[in-house]
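Colleague: Got a file for you: model-v2.cif, mmCIF, N, CA and C atoms.
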data_model
#
loop_
_atom_site.label_atom_id
_atom_site.label_comp_id
_atom_site.auth_asym_id
_atom_site.auth_seq_id
_atom_site.Cartn_x
_atom_site.Cartn_y
_atom_site.Cartn_z
N MET A 1 -4.74 -28.98 -110.44
CA MET A 1 -3.95 -27.88 -109.88
C MET A 1 -3.94 -26.66 -110.79
N LYS A 2 -4.26 -26.84 -112.08
CA LYS A 2 -4.19 -25.68 -112.96
C LYS A 2 -5.34 -24.70 -112.72
N PHE A 3 -6.36 -25.11 -111.97
CA PHE A 3 -7.49 -24.23 -111.68
C PHE A 3 -7.42 -23.65 -110.27
N ILE A 4 -6.27 -23.76 -109.62
CA ILE A 4 -6.12 -23.28 -108.25
C ILE A 4 -6.34 -21.77 -108.16
N LYS A 5 -5.96 -21.04 -109.20
CA LYS A 5 -6.15 -19.58 -109.17
C LYS A 5 -7.63 -19.22 -109.11
N PHE A 6 -8.48 -20.03 -109.76
CA PHE A 6 -9.92 -19.78 -109.73
C PHE A 6 -10.49 -20.11 -108.36
N LEU A 7 -9.97 -21.15 -107.74
CA LEU A 7 -10.40 -21.51 -106.39
C LEU A 7 -10.04 -20.41 -105.40
N ILE A 8 -8.82 -19.91 -105.50
CA ILE A 8 -8.38 -18.82 -104.62
C ILE A 8 -9.21 -17.56 -104.86
N LEU A 9 -9.46 -17.24 -106.12
CA LEU A 9 -10.29 -16.08 -106.44
C LEU A 9 -11.71 -16.25 -105.91
N GLY A 10 -12.25 -17.44 -105.97
CA GLY A 10 -13.57 -17.72 -105.43
C GLY A 10 -13.62 -17.56 -103.93
N ILE A 11 -12.58 -18.00 -103.26
CA ILE A 11 -12.51 -17.85 -101.81
C ILE A 11 -12.44 -16.37 -101.43
N VAL A 12 -11.61 -15.62 -102.13
CA VAL A 12 -11.52 -14.17 -101.88
C VAL A 12 -12.87 -13.50 -102.15
N PHE A 13 -13.54 -13.88 -103.24
CA PHE A 13 -14.86 -13.34 -103.55
C PHE A 13 -15.84 -13.63 -102.42
N GLY A 14 -15.84 -14.84 -101.92
CA GLY A 14 -16.72 -15.21 -100.82
C GLY A 14 -16.45 -14.41 -99.56
N ILE A 15 -15.18 -14.19 -99.25
CA ILE A 15 -14.82 -13.40 -98.07
C ILE A 15 -15.30 -11.96 -98.22
N VAL A 16 -15.07 -11.38 -99.41
CA VAL A 16 -15.52 -10.00 -99.66
C VAL A 16 -17.04 -9.90 -99.56
N MET A 17 -17.75 -10.87 -100.14
CA MET A 17 -19.21 -10.85 -100.07
C MET A 17 -19.69 -10.95 -98.63
N ALA A 18 -19.05 -11.80 -97.83
CA ALA A 18 -19.46 -11.98 -96.44
C ALA A 18 -19.13 -10.74 -95.60
N LYS A 19 -17.94 -10.21 -95.75
CA LYS A 19 -17.53 -9.05 -94.95
C LYS A 19 -18.31 -7.79 -95.31
N SER A 20 -18.75 -7.67 -96.56
CA SER A 20 -19.53 -6.50 -96.96
C SER A 20 -21.02 -6.68 -96.66
N GLU A 21 -21.37 -7.84 -96.10
CA GLU A 21 -22.74 -8.20 -95.76
C GLU A 21 -23.65 -8.30 -96.99
N ALA A 22 -23.09 -8.53 -98.15
CA ALA A 22 -23.88 -8.66 -99.37
C ALA A 22 -24.61 -10.00 -99.43
N ILE A 23 -24.23 -10.93 -98.55
CA ILE A 23 -24.92 -12.23 -98.53
C ILE A 23 -26.06 -12.26 -97.53
N SER A 24 -26.24 -11.17 -96.80
CA SER A 24 -27.26 -11.12 -95.76
C SER A 24 -28.65 -10.97 -96.35
N TRP A 25 -29.53 -11.89 -95.99
CA TRP A 25 -30.91 -11.83 -96.45
C TRP A 25 -31.56 -10.54 -95.97
N PHE A 26 -31.22 -10.10 -94.77
CA PHE A 26 -31.80 -8.88 -94.21
C PHE A 26 -31.36 -7.65 -95.00
N ARG A 27 -30.10 -7.61 -95.41
CA ARG A 27 -29.60 -6.49 -96.22
C ARG A 27 -30.32 -6.43 -97.57
N ILE A 28 -30.53 -7.60 -98.17
CA ILE A 28 -31.20 -7.66 -99.46
C ILE A 28 -32.66 -7.22 -99.32
N GLN A 29 -33.33 -7.64 -98.25
CA GLN A 29 -34.70 -7.21 -98.02
C GLN A 29 -34.77 -5.71 -97.76
N GLU A 30 -33.80 -5.16 -97.04
CA GLU A 30 -33.75 -3.71 -96.82
C GLU A 30 -33.66 -2.97 -98.14
N MET A 31 -32.86 -3.52 -99.06
CA MET A 31 -32.71 -2.88 -100.36
C MET A 31 -34.03 -2.87 -101.12
N PHE A 32 -34.69 -4.03 -101.18
CA PHE A 32 -35.93 -4.10 -101.95
C PHE A 32 -37.08 -3.33 -101.29
N ARG A 33 -36.95 -3.04 -100.00
CA ARG A 33 -37.97 -2.22 -99.32
C ARG A 33 -37.56 -0.75 -99.26
N PHE A 34 -36.44 -0.41 -99.88
CA PHE A 34 -35.90 0.95 -99.90
C PHE A 34 -35.70 1.50 -98.48
N GLN A 35 -35.20 0.66 -97.59
CA GLN A 35 -34.97 1.06 -96.21
C GLN A 35 -33.51 1.38 -95.92
N ALA A 36 -32.60 0.99 -96.79
CA ALA A 36 -31.18 1.23 -96.54
C ALA A 36 -30.43 1.38 -97.87
N PHE A 37 -29.35 2.12 -97.82
CA PHE A 37 -28.54 2.38 -99.01
C PHE A 37 -27.42 1.35 -99.17
N HIS A 38 -27.18 0.52 -98.19
CA HIS A 38 -26.02 -0.38 -98.14
C HIS A 38 -25.82 -1.17 -99.43
N MET A 39 -26.83 -1.91 -99.86
CA MET A 39 -26.70 -2.74 -101.06
C MET A 39 -26.56 -1.90 -102.33
N TYR A 40 -27.26 -0.77 -102.37
CA TYR A 40 -27.13 0.11 -103.54
C TYR A 40 -25.70 0.63 -103.65
N GLY A 41 -25.07 0.87 -102.50
CA GLY A 41 -23.67 1.30 -102.50
C GLY A 41 -22.75 0.21 -103.04
N ILE A 42 -22.99 -1.04 -102.64
CA ILE A 42 -22.18 -2.16 -103.13
C ILE A 42 -22.37 -2.34 -104.63
N ILE A 43 -23.63 -2.33 -105.08
CA ILE A 43 -23.91 -2.50 -106.51
C ILE A 43 -23.35 -1.33 -107.31
N GLY A 44 -23.51 -0.11 -106.78
CA GLY A 44 -22.98 1.08 -107.46
C GLY A 44 -21.47 1.03 -107.58
N THR A 45 -20.80 0.56 -106.54
CA THR A 45 -19.35 0.43 -106.58
C THR A 45 -18.93 -0.59 -107.64
N ALA A 46 -19.64 -1.71 -107.71
CA ALA A 46 -19.32 -2.73 -108.71
C ALA A 46 -19.53 -2.20 -110.13
N VAL A 47 -20.63 -1.49 -110.35
CA VAL A 47 -20.89 -0.93 -111.69
C VAL A 47 -19.82 0.10 -112.05
N THR A 48 -19.47 0.96 -111.10
CA THR A 48 -18.45 1.98 -111.35
C THR A 48 -17.11 1.35 -111.68
N LEU A 49 -16.71 0.35 -110.92
CA LEU A 49 -15.45 -0.33 -111.21
C LEU A 49 -15.48 -1.04 -112.56
N GLY A 50 -16.63 -1.61 -112.92
CA GLY A 50 -16.78 -2.24 -114.22
C GLY A 50 -16.64 -1.25 -115.36
N VAL A 51 -17.25 -0.08 -115.22
CA VAL A 51 -17.15 0.97 -116.25
C VAL A 51 -15.71 1.43 -116.39
N ILE A 52 -15.05 1.65 -115.25
CA ILE A 52 -13.64 2.07 -115.29
C ILE A 52 -12.78 0.99 -115.95
N GLY A 53 -13.02 -0.27 -115.60
CA GLY A 53 -12.26 -1.37 -116.19
C GLY A 53 -12.43 -1.46 -117.69
N VAL A 54 -13.66 -1.34 -118.17
CA VAL A 54 -13.91 -1.40 -119.62
C VAL A 54 -13.27 -0.20 -120.31
N ALA A 55 -13.36 0.97 -119.69
CA ALA A 55 -12.74 2.16 -120.29
C ALA A 55 -11.23 2.00 -120.40
N LEU A 56 -10.61 1.42 -119.36
CA LEU A 56 -9.16 1.20 -119.41
C LEU A 56 -8.79 0.16 -120.47
N ILE A 57 -9.59 -0.88 -120.59
CA ILE A 57 -9.33 -1.90 -121.62
C ILE A 57 -9.40 -1.28 -123.01
N LYS A 58 -10.40 -0.43 -123.23
CA LYS A 58 -10.55 0.21 -124.55
C LYS A 58 -9.44 1.22 -124.80
N LYS A 59 -9.11 2.04 -123.80
CA LYS A 59 -8.12 3.11 -123.98
C LYS A 59 -6.73 2.55 -124.25
N PHE A 60 -6.32 1.55 -123.47
CA PHE A 60 -4.97 1.02 -123.59
C PHE A 60 -4.90 -0.22 -124.47
N LYS A 61 -6.03 -0.59 -125.09
CA LYS A 61 -6.10 -1.74 -125.99
C LYS A 61 -5.48 -2.98 -125.34
N ILE A 62 -5.92 -3.25 -124.15
CA ILE A 62 -5.41 -4.39 -123.37
C ILE A 62 -5.85 -5.69 -124.05
N ARG A 63 -4.96 -6.67 -124.03
CA ARG A 63 -5.24 -7.96 -124.66
C ARG A 63 -5.49 -9.02 -123.59
N ASP A 64 -6.11 -10.13 -123.99
CA ASP A 64 -6.37 -11.21 -123.06
C ASP A 64 -5.08 -12.02 -122.82
N PHE A 65 -5.18 -13.10 -122.04
CA PHE A 65 -4.01 -13.90 -121.69
C PHE A 65 -3.34 -14.55 -122.89
N HIS A 66 -4.09 -14.76 -123.96
CA HIS A 66 -3.54 -15.39 -125.16
C HIS A 66 -3.04 -14.38 -126.17
N GLY A 67 -3.10 -13.09 -125.84
CA GLY A 67 -2.63 -12.05 -126.73
C GLY A 67 -3.66 -11.56 -127.73
N ASN A 68 -4.88 -12.05 -127.63
CA ASN A 68 -5.94 -11.62 -128.54
C ASN A 68 -6.55 -10.30 -128.05
N PRO A 69 -6.95 -9.43 -128.97
CA PRO A 69 -7.58 -8.18 -128.54
C PRO A 69 -8.94 -8.45 -127.88
N ILE A 70 -9.25 -7.67 -126.87
CA ILE A 70 -10.55 -7.78 -126.20
C ILE A 70 -11.51 -6.85 -126.94
N SER A 71 -12.59 -7.42 -127.45
CA SER A 71 -13.55 -6.65 -128.25
C SER A 71 -14.88 -6.52 -127.51
N PHE A 72 -15.49 -5.37 -127.65
CA PHE A 72 -16.81 -5.12 -127.10
C PHE A 72 -17.74 -4.83 -128.26
N TYR A 73 -18.84 -5.56 -128.34
CA TYR A 73 -19.78 -5.40 -129.43
C TYR A 73 -21.05 -4.74 -128.90
N PRO A 74 -21.58 -3.78 -129.64
CA PRO A 74 -22.82 -3.13 -129.18
C PRO A 74 -23.98 -4.12 -129.20
N LYS A 75 -24.82 -4.01 -128.18
CA LYS A 75 -25.98 -4.88 -128.09
C LYS A 75 -27.15 -4.24 -128.81
N GLU A 76 -28.04 -5.10 -129.25
CA GLU A 76 -29.26 -4.64 -129.89
C GLU A 76 -30.13 -3.94 -128.86
N LYS A 77 -30.63 -2.76 -129.19
CA LYS A 77 -31.46 -1.99 -128.26
C LYS A 77 -32.87 -2.58 -128.26
N SER A 78 -33.28 -3.13 -127.13
CA SER A 78 -34.61 -3.71 -127.01
C SER A 78 -35.05 -3.58 -125.56
N ILE A 79 -36.10 -2.82 -125.34
CA ILE A 79 -36.55 -2.56 -123.97
C ILE A 79 -37.28 -3.77 -123.39
N VAL A 80 -38.08 -4.46 -124.19
CA VAL A 80 -38.91 -5.56 -123.69
C VAL A 80 -38.07 -6.65 -123.04
N ARG A 81 -37.02 -7.08 -123.70
CA ARG A 81 -36.24 -8.19 -123.15
C ARG A 81 -35.53 -7.81 -121.87
N TYR A 82 -35.07 -6.57 -121.76
CA TYR A 82 -34.41 -6.14 -120.54
C TYR A 82 -35.40 -5.99 -119.39
N LEU A 83 -36.59 -5.47 -119.69
CA LEU A 83 -37.61 -5.36 -118.65
C LEU A 83 -38.07 -6.73 -118.17
N LEU A 84 -38.36 -7.62 -119.10
CA LEU A 84 -38.83 -8.95 -118.74
C LEU A 84 -37.76 -9.73 -117.98
N GLY A 85 -36.55 -9.71 -118.48
CA GLY A 85 -35.45 -10.42 -117.80
C GLY A 85 -35.15 -9.82 -116.43
N GLY A 86 -35.17 -8.50 -116.34
CA GLY A 86 -34.92 -7.83 -115.06
C GLY A 86 -36.00 -8.13 -114.04
N ILE A 87 -37.24 -8.17 -114.49
CA ILE A 87 -38.35 -8.48 -113.58
C ILE A 87 -38.23 -9.91 -113.07
N ILE A 88 -37.95 -10.85 -113.95
CA ILE A 88 -37.82 -12.25 -113.54
C ILE A 88 -36.64 -12.41 -112.57
N PHE A 89 -35.49 -11.81 -112.92
CA PHE A 89 -34.31 -11.91 -112.06
C PHE A 89 -34.58 -11.23 -110.72
N GLY A 90 -35.18 -10.04 -110.75
CA GLY A 90 -35.47 -9.30 -109.52
C GLY A 90 -36.44 -10.02 -108.61
N LEU A 91 -37.47 -10.64 -109.20
CA LEU A 91 -38.42 -11.40 -108.39
C LEU A 91 -37.74 -12.58 -107.71
N GLY A 92 -36.91 -13.29 -108.47
CA GLY A 92 -36.18 -14.41 -107.88
C GLY A 92 -35.24 -13.95 -106.78
N TRP A 93 -34.59 -12.82 -107.00
CA TRP A 93 -33.66 -12.27 -106.02
C TRP A 93 -34.41 -11.84 -104.76
N ALA A 94 -35.54 -11.16 -104.95
CA ALA A 94 -36.31 -10.68 -103.79
C ALA A 94 -36.93 -11.83 -103.01
N LEU A 95 -37.43 -12.84 -103.71
CA LEU A 95 -38.08 -13.95 -103.03
C LEU A 95 -37.09 -14.87 -102.32
N SER A 96 -35.94 -15.09 -102.94
CA SER A 96 -34.97 -16.00 -102.34
C SER A 96 -34.00 -15.29 -101.41
N GLY A 97 -33.82 -14.01 -101.61
CA GLY A 97 -32.88 -13.26 -100.78
C GLY A 97 -31.45 -13.41 -101.22
N ALA A 98 -31.22 -13.89 -102.43
CA ALA A 98 -29.85 -14.06 -102.90
C ALA A 98 -29.79 -14.07 -104.41
N CYS A 99 -28.76 -13.43 -104.96
CA CYS A 99 -28.47 -13.56 -106.38
C CYS A 99 -27.39 -14.64 -106.51
N PRO A 100 -26.95 -14.98 -107.71
CA PRO A 100 -26.07 -16.15 -107.87
C PRO A 100 -24.79 -16.16 -107.03
N GLY A 101 -24.10 -15.04 -106.91
CA GLY A 101 -22.86 -15.02 -106.12
C GLY A 101 -23.11 -15.30 -104.64
N PRO A 102 -23.94 -14.49 -103.99
CA PRO A 102 -24.24 -14.74 -102.57
C PRO A 102 -24.91 -16.09 -102.31
N MET A 103 -25.61 -16.60 -103.30
CA MET A 103 -26.25 -17.91 -103.15
C MET A 103 -25.19 -18.98 -102.83
N VAL A 104 -24.13 -19.00 -103.59
CA VAL A 104 -23.08 -20.00 -103.40
C VAL A 104 -22.31 -19.73 -102.11
N VAL A 105 -22.09 -18.45 -101.79
CA VAL A 105 -21.39 -18.10 -100.55
C VAL A 105 -22.22 -18.55 -99.35
N ASN A 106 -23.53 -18.36 -99.40
CA ASN A 106 -24.40 -18.80 -98.30
C ASN A 106 -24.33 -20.32 -98.12
N ILE A 107 -24.26 -21.06 -99.23
CA ILE A 107 -24.11 -22.52 -99.13
C ILE A 107 -22.78 -22.85 -98.44
N GLY A 108 -21.73 -22.13 -98.82
CA GLY A 108 -20.43 -22.33 -98.20
C GLY A 108 -20.42 -22.00 -96.72
N TYR A 109 -21.26 -21.07 -96.32
CA TYR A 109 -21.37 -20.70 -94.90
C TYR A 109 -22.24 -21.68 -94.12
N GLY A 110 -22.82 -22.64 -94.80
CA GLY A 110 -23.58 -23.67 -94.10
C GLY A 110 -25.09 -23.48 -94.11
N PHE A 111 -25.58 -22.49 -94.85
CA PHE A 111 -27.02 -22.30 -94.98
C PHE A 111 -27.52 -23.24 -96.08
N LEU A 112 -27.74 -24.49 -95.70
CA LEU A 112 -28.01 -25.53 -96.68
C LEU A 112 -29.36 -25.37 -97.37
N THR A 113 -30.26 -24.56 -96.82
CA THR A 113 -31.53 -24.32 -97.52
C THR A 113 -31.30 -23.57 -98.84
N MET A 114 -30.16 -22.90 -98.95
CA MET A 114 -29.83 -22.21 -100.20
C MET A 114 -29.55 -23.19 -101.34
N THR A 115 -29.30 -24.45 -101.01
CA THR A 115 -29.10 -25.43 -102.09
C THR A 115 -30.38 -25.60 -102.91
N ILE A 116 -31.54 -25.43 -102.26
CA ILE A 116 -32.81 -25.49 -103.00
C ILE A 116 -32.88 -24.34 -103.99
N VAL A 117 -32.53 -23.14 -103.53
CA VAL A 117 -32.52 -21.97 -104.41
C VAL A 117 -31.51 -22.17 -105.54
N PHE A 118 -30.34 -22.71 -105.20
CA PHE A 118 -29.29 -22.95 -106.19
C PHE A 118 -29.75 -23.95 -107.25
N LEU A 119 -30.40 -25.03 -106.81
CA LEU A 119 -30.89 -26.03 -107.76
C LEU A 119 -31.94 -25.43 -108.70
N PHE A 120 -32.85 -24.61 -108.16
CA PHE A 120 -33.84 -23.99 -109.02
C PHE A 120 -33.22 -22.94 -109.95
N ALA A 121 -32.13 -22.30 -109.53
CA ALA A 121 -31.42 -21.39 -110.42
C ALA A 121 -30.83 -22.17 -111.60
N ILE A 122 -30.31 -23.35 -111.33
CA ILE A 122 -29.77 -24.19 -112.40
C ILE A 122 -30.90 -24.66 -113.32
N VAL A 123 -32.04 -25.05 -112.74
CA VAL A 123 -33.20 -25.46 -113.55
C VAL A 123 -33.66 -24.30 -114.43
N GLY A 124 -33.72 -23.09 -113.86
CA GLY A 124 -34.12 -21.91 -114.63
C GLY A 124 -33.15 -21.62 -115.77
N THR A 125 -31.87 -21.77 -115.51
CA THR A 125 -30.87 -21.57 -116.56
C THR A 125 -31.03 -22.60 -117.66
N TYR A 126 -31.28 -23.85 -117.28
CA TYR A 126 -31.50 -24.91 -118.27
C TYR A 126 -32.75 -24.63 -119.11
N LEU A 127 -33.83 -24.21 -118.45
CA LEU A 127 -35.07 -23.90 -119.18
C LEU A 127 -34.87 -22.73 -120.14
N TYR A 128 -34.11 -21.73 -119.70
CA TYR A 128 -33.80 -20.62 -120.60
C TYR A 128 -33.06 -21.12 -121.83
N GLY A 129 -32.11 -22.01 -121.63
CA GLY A 129 -31.37 -22.58 -122.76
C GLY A 129 -32.27 -23.31 -123.73
N LEU A 130 -33.33 -23.94 -123.22
CA LEU A 130 -34.26 -24.65 -124.09
C LEU A 130 -35.13 -23.70 -124.93
N ILE A 131 -35.53 -22.57 -124.35
CA ILE A 131 -36.48 -21.68 -125.03
C ILE A 131 -35.87 -20.38 -125.54
N LYS A 132 -34.55 -20.22 -125.43
CA LYS A 132 -33.94 -18.94 -125.78
C LYS A 132 -34.16 -18.55 -127.24
N ASP A 133 -34.27 -19.52 -128.13
CA ASP A 133 -34.47 -19.20 -129.54
C ASP A 133 -35.88 -18.65 -129.81
N LYS A 134 -36.80 -18.89 -128.91
CA LYS A 134 -38.17 -18.40 -129.08
C LYS A 134 -38.41 -17.05 -128.39
N LEU A 135 -37.42 -16.56 -127.65
CA LEU A 135 -37.55 -15.31 -126.90
C LEU A 135 -37.12 -14.12 -127.76
N PRO A 136 -37.62 -12.91 -127.42
CA PRO A 136 -37.23 -11.73 -128.22
C PRO A 136 -35.82 -11.27 -127.90
N HIS A 137 -34.88 -11.65 -128.74
CA HIS A 137 -33.48 -11.23 -128.55
C HIS A 137 -33.13 -10.18 -129.57
#
Translate this structure into structure tokens?
Modeller:
Amino acid sequence: MKFIKFLILGIVFGIVMAKSEAISWFRIQEMFRFQAFHMYGIIGTAVTLGVIGVALIKKFKIRDFHGNPISFYPKEKSIVRYLLGGIIFGLGWALSGACPGPMVVNIGYGFLTMTIVFLFAIVGTYLYGLIKDKLPH
């Protein structure tokens, strides 16, 4: 019962993803074919809200639930790793028609073929964990 808030938040996330049509394979294909602005608007809204949230956390020095300060550390500037990771993620997204959030929502909606995509996403994450020390970080 102590994780009920996460379950409720997940349900709300799924409803928002479904109502905004972000789980639609057709919407995702439209985005990758540059035929519609819909998905770019959703992603742009998420990025904008994230930037505003981080700015508010920094400005008001907001603390986490345990009272610890929230810290942001600068990342190492490296173009190769971002290009390679983005290409791999983008190819998987374009081929499967779903990124991790919509993938789980589609399974919840009864599109059981997404379980194959979900399983391979888990395998890919596991493989990354095995070879991450050999990658350019």
Colleague: Please identify all polymer residues within 7 Å of segment 15-27 of chain A, counting all atoms listed in the file, omitting same-chain residues fewer than 3 positions from it, and present them as a ChimeraX atom specification.
Modeller: /A:10-12,30-32,39,96-98,102-103,105-106
Colleague: Could you pull out every residue with an atom within 8 Å of (-34.5, -12.1, -122.3), file coordinates, counting all atoms listed in the file, and send them as a ChimeraX atom specification?
Modeller: /A:80-86,132,135-137
Colleague: Those same residues, written as a PDB file, keeping the file's coordinate frame with N, CA and C atoms?
Modeller:
ATOM      1  N   VAL A  80     -38.080  -4.460-124.190  1.00  0.00           N
ATOM      2  CA  VAL A  80     -38.910  -5.560-123.690  1.00  0.00           C
ATOM      3  C   VAL A  80     -38.070  -6.650-123.040  1.00  0.00           C
ATOM      4  N   ARG A  81     -37.020  -7.080-123.700  1.00  0.00           N
ATOM      5  CA  ARG A  81     -36.240  -8.190-123.150  1.00  0.00           C
ATOM      6  C   ARG A  81     -35.530  -7.810-121.870  1.00  0.00           C
ATOM      7  N   TYR A  82     -35.070  -6.570-121.760  1.00  0.00           N
ATOM      8  CA  TYR A  82     -34.410  -6.140-120.540  1.00  0.00           C
ATOM      9  C   TYR A  82     -35.400  -5.990-119.390  1.00  0.00           C
ATOM     10  N   LEU A  83     -36.590  -5.470-119.690  1.00  0.00           N
ATOM     11  CA  LEU A  83     -37.610  -5.360-118.650  1.00  0.00           C
ATOM     12  C   LEU A  83     -38.070  -6.730-118.170  1.00  0.00           C
ATOM     13  N   LEU A  84     -38.360  -7.620-119.100  1.00  0.00           N
ATOM     14  CA  LEU A  84     -38.830  -8.950-118.740  1.00  0.00           C
ATOM     15  C   LEU A  84     -37.760  -9.730-117.980  1.00  0.00           C
ATOM     16  N   GLY A  85     -36.550  -9.710-118.480  1.00  0.00           N
ATOM     17  CA  GLY A  85     -35.450 -10.420-117.800  1.00  0.00           C
ATOM     18  C   GLY A  85     -35.150  -9.820-116.430  1.00  0.00           C
ATOM     19  N   GLY A  86     -35.170  -8.500-116.340  1.00  0.00           N
ATOM     20  CA  GLY A  86     -34.920  -7.830-115.060  1.00  0.00           C
ATOM     21  C   GLY A  86     -36.000  -8.130-114.040  1.00  0.00           C
ATOM     22  N   LYS A 132     -34.550 -20.220-125.430  1.00  0.00           N
ATOM     23  CA  LYS A 132     -33.940 -18.940-125.780  1.00  0.00           C
ATOM     24  C   LYS A 132     -34.160 -18.550-127.240  1.00  0.00           C
ATOM     25  N   LEU A 135     -37.420 -16.560-127.650  1.00  0.00           N
ATOM     26  CA  LEU A 135     -37.550 -15.310-126.900  1.00  0.00           C
ATOM     27  C   LEU A 135     -37.120 -14.120-127.760  1.00  0.00           C
ATOM     28  N   PRO A 136     -37.620 -12.910-127.420  1.00  0.00           N
ATOM     29  CA  PRO A 136     -37.230 -11.730-128.220  1.00  0.00           C
ATOM     30  C   PRO A 136     -35.820 -11.270-127.900  1.00  0.00           C
ATOM     31  N   HIS A 137     -34.880 -11.650-128.740  1.00  0.00           N
ATOM     32  CA  HIS A 137     -33.480 -11.230-128.550  1.00  0.00           C
ATOM     33  C   HIS A 137     -33.130 -10.180-129.570  1.00  0.00           C
TER      34      HIS A 137
END
Colleague: Using DSSP on the backbone coordinates, identify all residues within chain A classified as alpha helix (DSSP H); present the result as an MDAnalysis selection string.
Modeller: chainID A and resid 4:19 25:32 38:60 79:96 100:108 114:131
Colleague: Could I see segment 104-118 of chain A restored to N, CA, C and O atoms, set down as a CSV table (one decimal), in the coordinates of the input?
Modeller:
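File produced: rebuild.csv:
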chain,number,residue,atom,x,y,z
A,104,VAL,N,-24.1,-19.0,-103.6
A,104,VAL,CA,-23.1,-20.0,-103.4
A,104,VAL,C,-22.3,-19.7,-102.1
A,104,VAL,O,-21.9,-20.7,-101.4
A,105,VAL,N,-22.1,-18.4,-101.8
A,105,VAL,CA,-21.4,-18.1,-100.6
A,105,VAL,C,-22.2,-18.6,-99.4
A,105,VAL,O,-21.7,-19.1,-98.4
A,106,ASN,N,-23.5,-18.4,-99.4
A,106,ASN,CA,-24.4,-18.8,-98.3
A,106,ASN,C,-24.3,-20.3,-98.1
A,106,ASN,O,-24.3,-20.8,-97.0
A,107,ILE,N,-24.3,-21.1,-99.2
A,107,ILE,CA,-24.1,-22.5,-99.1
A,107,ILE,C,-22.8,-22.8,-98.4
A,107,ILE,O,-22.7,-23.7,-97.6
A,108,GLY,N,-21.7,-22.1,-98.8
A,108,GLY,CA,-20.4,-22.3,-98.2
A,108,GLY,C,-20.4,-22.0,-96.7
A,108,GLY,O,-19.7,-22.6,-95.9
A,109,TYR,N,-21.3,-21.1,-96.3
A,109,TYR,CA,-21.4,-20.7,-94.9
A,109,TYR,C,-22.2,-21.7,-94.1
A,109,TYR,O,-22.4,-21.5,-92.9
A,110,GLY,N,-22.8,-22.6,-94.8
A,110,GLY,CA,-23.6,-23.7,-94.1
A,110,GLY,C,-25.1,-23.5,-94.1
A,110,GLY,O,-25.8,-24.2,-93.4
A,111,PHE,N,-25.6,-22.5,-94.8
A,111,PHE,CA,-27.0,-22.3,-95.0
A,111,PHE,C,-27.5,-23.2,-96.1
A,111,PHE,O,-27.7,-22.9,-97.2
A,112,LEU,N,-27.7,-24.5,-95.7
A,112,LEU,CA,-28.0,-25.5,-96.7
A,112,LEU,C,-29.4,-25.4,-97.4
A,112,LEU,O,-29.6,-26.0,-98.4
A,113,THR,N,-30.3,-24.6,-96.8
A,113,THR,CA,-31.5,-24.3,-97.5
A,113,THR,C,-31.3,-23.6,-98.8
A,113,THR,O,-32.1,-23.6,-99.7
A,114,MET,N,-30.2,-22.9,-99.0
A,114,MET,CA,-29.8,-22.2,-100.2
A,114,MET,C,-29.6,-23.2,-101.3
A,114,MET,O,-29.5,-22.8,-102.5
A,115,THR,N,-29.3,-24.4,-101.0
A,115,THR,CA,-29.1,-25.4,-102.1
A,115,THR,C,-30.4,-25.6,-102.9
A,115,THR,O,-30.3,-25.9,-104.1
A,116,ILE,N,-31.5,-25.4,-102.3
A,116,ILE,CA,-32.8,-25.5,-103.0
A,116,ILE,C,-32.9,-24.3,-104.0
A,116,ILE,O,-33.2,-24.5,-105.2
A,117,VAL,N,-32.5,-23.1,-103.5
A,117,VAL,CA,-32.5,-22.0,-104.4
A,117,VAL,C,-31.5,-22.2,-105.5
A,117,VAL,O,-31.8,-21.9,-106.7
A,118,PHE,N,-30.3,-22.7,-105.2
A,118,PHE,CA,-29.3,-23.0,-106.2
A,118,PHE,C,-29.8,-24.0,-107.2
A,118,PHE,O,-29.5,-23.7,-108.5
